[in-house]
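Source file structure-v9.cif; content: mmCIF, C-alpha atoms and all ligand atoms.
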```
data_structure
loop_
_atom_site.label_atom_id
_atom_site.label_comp_id
_atom_site.auth_asym_id
_atom_site.auth_seq_id
_atom_site.Cartn_x
_atom_site.Cartn_y
_atom_site.Cartn_z
CA MET A 1 96.65 118.94 102.92
CA LYS A 2 97.66 118.20 99.33
CA ILE A 3 99.71 115.54 97.61
CA VAL A 4 103.03 117.08 96.61
CA LYS A 5 104.56 116.15 93.31
CA TYR A 6 108.12 115.55 92.23
CA PRO A 7 110.49 117.46 92.54
CA HIS A 8 108.95 118.93 95.73
CA PRO A 9 111.72 118.86 98.39
CA ALA A 10 109.38 117.26 100.98
CA LEU A 11 109.70 114.02 99.00
CA ARG A 12 113.44 113.85 99.79
CA VAL A 13 113.13 114.32 103.57
CA GLN A 14 114.08 111.55 105.99
CA ALA A 15 110.89 111.24 108.05
CA LYS A 16 111.10 111.08 111.85
CA PRO A 17 109.73 108.28 114.01
CA VAL A 18 106.33 108.96 115.52
CA LEU A 19 106.82 109.17 119.29
CA ALA A 20 103.26 109.96 120.41
CA LEU A 21 99.94 108.89 118.92
CA ASP A 22 98.36 112.28 119.41
CA LYS A 23 95.45 114.01 117.72
CA ASP A 24 97.71 115.40 114.95
CA ILE A 25 98.73 111.92 113.86
CA GLN A 26 95.14 110.66 113.95
CA LEU A 27 93.96 113.61 111.84
CA ALA A 28 96.87 113.29 109.43
CA ALA A 29 96.13 109.58 108.89
CA GLY A 30 92.45 110.34 108.22
CA HIS A 31 93.26 113.05 105.70
CA MET A 32 95.85 110.85 104.00
CA LEU A 33 93.29 108.05 103.57
CA GLU A 34 90.84 110.53 102.02
CA LEU A 35 93.49 111.85 99.64
CA MET A 36 94.63 108.35 98.69
CA TYR A 37 91.08 107.29 97.85
CA ALA A 38 90.33 110.53 95.99
CA SER A 39 93.43 109.88 93.83
CA GLU A 40 92.65 106.16 93.42
CA GLY A 41 96.01 105.18 94.88
CA LEU A 42 97.01 102.03 96.74
CA GLY A 43 99.24 103.81 99.23
CA LEU A 44 100.32 107.22 100.47
CA ALA A 45 103.20 108.15 102.76
CA ALA A 46 103.41 111.22 105.01
CA PRO A 47 106.26 112.91 103.02
CA GLN A 48 103.86 112.93 100.03
CA VAL A 49 101.71 115.38 101.97
CA ALA A 50 104.79 117.28 103.20
CA LEU A 51 104.72 115.76 106.71
CA ASP A 52 107.94 114.32 108.09
CA HIS A 53 106.43 111.51 110.18
CA ARG A 54 107.02 107.79 109.68
CA LEU A 55 103.35 107.30 108.86
CA LEU A 56 101.75 105.76 105.80
CA VAL A 57 98.38 104.50 104.64
CA ILE A 58 97.61 101.62 102.30
CA ASN A 59 94.57 99.95 100.84
CA PHE A 60 95.78 96.77 99.15
CA ALA A 61 92.53 96.53 97.16
CA GLY A 62 92.49 100.24 96.25
CA ASP A 63 88.85 100.17 97.31
CA PRO A 64 87.53 102.45 100.08
CA GLU A 65 84.67 99.97 100.66
CA LYS A 66 87.15 97.23 101.54
CA LYS A 67 88.16 98.31 105.03
CA ASP A 68 89.83 94.97 105.74
CA ALA A 69 92.38 95.86 103.03
CA GLU A 70 93.12 99.19 104.70
CA VAL A 71 96.21 99.76 106.83
CA VAL A 72 97.42 102.80 108.75
CA ALA A 73 101.04 102.05 109.62
CA ILE A 74 103.18 103.95 112.09
CA ASN A 75 106.96 103.47 112.23
CA PRO A 76 106.86 100.53 109.80
CA VAL A 77 110.00 98.46 109.22
CA ILE A 78 110.80 95.64 106.85
CA THR A 79 112.30 92.85 108.93
CA GLU A 80 112.72 90.08 106.32
CA THR A 81 112.93 89.92 102.54
CA LYS A 82 112.89 87.12 99.99
CA GLY A 83 113.15 86.78 96.23
CA ALA A 84 112.90 89.48 93.59
CA ILE A 85 110.39 90.42 90.93
CA SER A 86 110.02 93.24 88.40
CA ASP A 87 106.66 94.82 87.72
CA ARG A 88 105.06 98.07 86.63
CA GLU A 89 104.87 100.69 89.32
CA GLY A 90 103.48 104.19 89.66
CA CYS A 91 103.35 106.88 92.36
CA LEU A 92 100.80 109.58 93.27
CA SER A 93 103.67 112.09 93.35
CA PHE A 94 104.48 111.25 89.69
CA PRO A 95 101.04 111.23 88.04
CA GLY A 96 101.01 109.35 84.76
CA LEU A 97 104.49 107.84 85.10
CA TYR A 98 104.66 104.04 85.17
CA GLN A 99 107.82 101.98 84.80
CA SER A 100 109.10 98.56 85.70
CA VAL A 101 110.80 98.42 89.11
CA ARG A 102 112.57 95.45 90.67
CA ARG A 103 111.49 94.74 94.25
CA PHE A 104 111.65 91.95 96.79
CA LYS A 105 108.92 89.41 96.07
CA THR A 106 108.19 88.82 99.73
CA VAL A 107 108.60 91.10 102.73
CA LYS A 108 107.82 90.78 106.40
CA VAL A 109 106.79 94.09 107.94
CA GLU A 110 106.33 95.29 111.50
CA TYR A 111 104.33 98.42 112.31
CA TYR A 112 102.06 100.05 114.87
CA ASP A 113 98.47 101.10 114.29
CA LEU A 114 96.81 104.28 115.54
CA LYS A 115 96.05 102.64 118.89
CA GLY A 116 99.69 101.74 119.41
CA ASP A 117 99.14 98.02 118.86
CA LYS A 118 102.00 96.23 117.13
CA PHE A 119 101.36 94.20 114.00
CA GLU A 120 103.40 91.87 111.85
CA MET A 121 102.52 91.05 108.26
CA THR A 122 104.10 88.91 105.57
CA CYS A 123 103.19 89.97 102.03
CA HIS A 124 103.98 88.85 98.52
CA ASP A 125 104.01 90.42 95.06
CA LEU A 126 101.82 93.55 94.76
CA ALA A 127 101.24 93.91 98.52
CA ALA A 128 104.98 93.51 99.16
CA ARG A 129 105.67 96.05 96.41
CA ILE A 130 103.33 98.61 98.00
CA TRP A 131 105.03 98.24 101.39
CA GLN A 132 108.49 98.68 99.86
CA HIS A 133 107.43 101.69 97.79
CA GLU A 134 105.74 103.43 100.75
CA ILE A 135 108.45 102.71 103.31
CA ASP A 136 111.02 104.04 100.80
CA HIS A 137 109.07 107.34 100.86
CA LEU A 138 109.73 107.60 104.61
CA ASP A 139 113.46 107.60 103.81
CA GLY A 140 113.17 110.12 100.98
CA VAL A 141 113.67 107.36 98.42
CA LEU A 142 111.54 107.46 95.26
CA PHE A 143 110.70 104.81 92.70
CA ILE A 144 112.75 106.63 90.07
CA ASP A 145 115.79 105.80 92.25
CA LYS A 146 114.92 102.09 92.00
CA MET A 147 114.31 101.93 88.25
CA GLY A 148 116.79 100.23 86.00
CA SER A 149 118.69 102.38 83.51
CA LEU A 150 116.16 101.65 80.75
CA GLY A 151 113.14 102.64 82.86
CA ARG A 152 114.97 105.70 84.07
CA SER A 153 115.84 106.85 80.57
CA ARG A 154 112.26 106.22 79.44
CA SER A 155 111.13 108.47 82.31
CA GLU A 156 113.37 111.42 81.48
CA ARG A 157 110.80 113.32 79.45
CA ASP A 158 108.15 112.95 82.17
CA LEU A 159 110.63 114.06 84.83
CA GLU A 160 111.53 117.16 82.82
CA GLN A 161 107.82 117.94 82.56
CA PHE A 162 107.36 117.53 86.35
CA ILE A 163 110.25 119.95 86.90
CA ALA A 164 108.74 122.46 84.46
CA ASP A 165 105.33 122.14 86.19
CA PHE A 166 106.99 122.71 89.58
CA GLU A 167 108.54 125.98 88.35
CA LYS A 168 105.22 127.01 86.81
CA ALA A 169 103.42 126.35 90.13
CA LYS A 170 105.92 128.64 91.88
CA LYS A 171 105.31 131.43 89.34
CA LYS A 172 101.55 131.02 89.76
CA GLY A 173 101.87 131.18 93.55
CA ASP A 174 100.63 127.61 94.11
CA LEU A 175 104.03 126.86 95.68
CA PRO A 176 106.26 129.26 97.68
CA PRO A 177 108.52 131.20 95.23
CA GLY A 178 111.71 130.28 97.14
CA LEU A 179 111.03 126.53 97.24
CA GLU A 180 114.02 124.66 95.80
CA PRO A 181 113.37 121.49 93.79
CA LYS A 182 115.09 118.29 94.96
CA LEU A 183 115.67 115.91 92.08
ZN ZN A 201 104.92 106.89 95.84
#
```

If you took the structure in this file and wrote it as structure tokens, what would it be?
Ligand SMILES: [Zn+2]
Amino acid sequence: MKIVKYPHPALRVQAKPVLALDKDIQLAAGHMLELMYASEGLGLAAPQVALDHRLLVINFAGDPEKKDAEVVAINPVITETKGAISDREGCLSFPGLYQSVRRFKTVKVEYYDLKGDKFEMTCHDLAARIWQHEIDHLDGVLFIDKMGSLGRSRSERDLEQFIADFEKAKKKGDLPPGLEPKL
């Protein structure tokens, strides 16, 4: 399992609801947590490891020692939103790219854990931002889609570089030669 980078087509897939909490989901969640911590991220969604499940992992503190800040969320949905706030945002599938993105300030989220227990959480600011960013991934939506026109134009050079790196990875054999980029 590896984190795929833009413009890998897996990032644009609409992920499917998880219908059974089987061994594959448990293993996927464990690997995703490892990858997230190894990359010092705050969240990672299944499409970022080329899996099309509605599964994501978060650690609100970004600290593997802080298990109480860790969430494995299955089939998460945002049920309420309030306010708006712009702040700097990044993504493990766009290493090095940070831009201001406008998000809801507060969100209420419902999700299931790996045992199938249902949870409800109301979050503000950074925690609310992480939920919105990660749940967007499950719908094939990326933070570049949510940037304002200024942030987007400031990102163009990085995006061109990601596209060039994607083509290079295909030539090197790190990605399948026929894989089509999805911008
Ligand atoms: Zn992301």

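Counting all atoms listed in the file and comparing A:Ser93, A:Ser39, A:Ser153, A:Thr79, the residue that lies closest to His133 of chain A is A:Ser93.
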
Open item on the list: Ranking A:Leu56, A:Ala84, A:Ala38, A:Ala46 by minimum distance to Asp125 of chain A and counting only C-alpha atoms, which one comes first?
Closed with: A:Ala84

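With distances taken over all atoms listed in the file, A:Phe143 is the one residue among A:Phe104, A:Phe60, A:Tyr112, A:Phe143 lying closest to ligand ZN 201 (chain A).
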
- [ ] List all protein, DNA and RNA residues that have an atom no more than 8 Å from any atom of ligand ZN 201 (chain A), counting all atoms listed in the file, and report them as a PyMOL selection string.
- [x] chain A and resi 43-45+48+90-94+133-134+137+142-143

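Among A:Leu175, A:Val18, A:Ile144, A:Val101, the residue with the shortest atom-to-atom distance to Lys2 of chain A, counting only C-alpha atoms, is A:Leu175.
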
TODO: Find, counting all atoms listed in the file, the residue in A:Lys16, A:Lys23, A:Arg129, A:His31 that gets nearest to Ile74 of chain A.
DONE: A:Lys16

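Each of A:Leu179, A:Asp22, A:Arg103, A:Gly41 was compared to Asp136 of chain A using all atoms listed in the file, and A:Arg103 turns out to be the nearest.
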
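Across the model, the gap from atom CA of Lys182 of chain A to atom CA of Pro9 of chain A is 4.8 Å.
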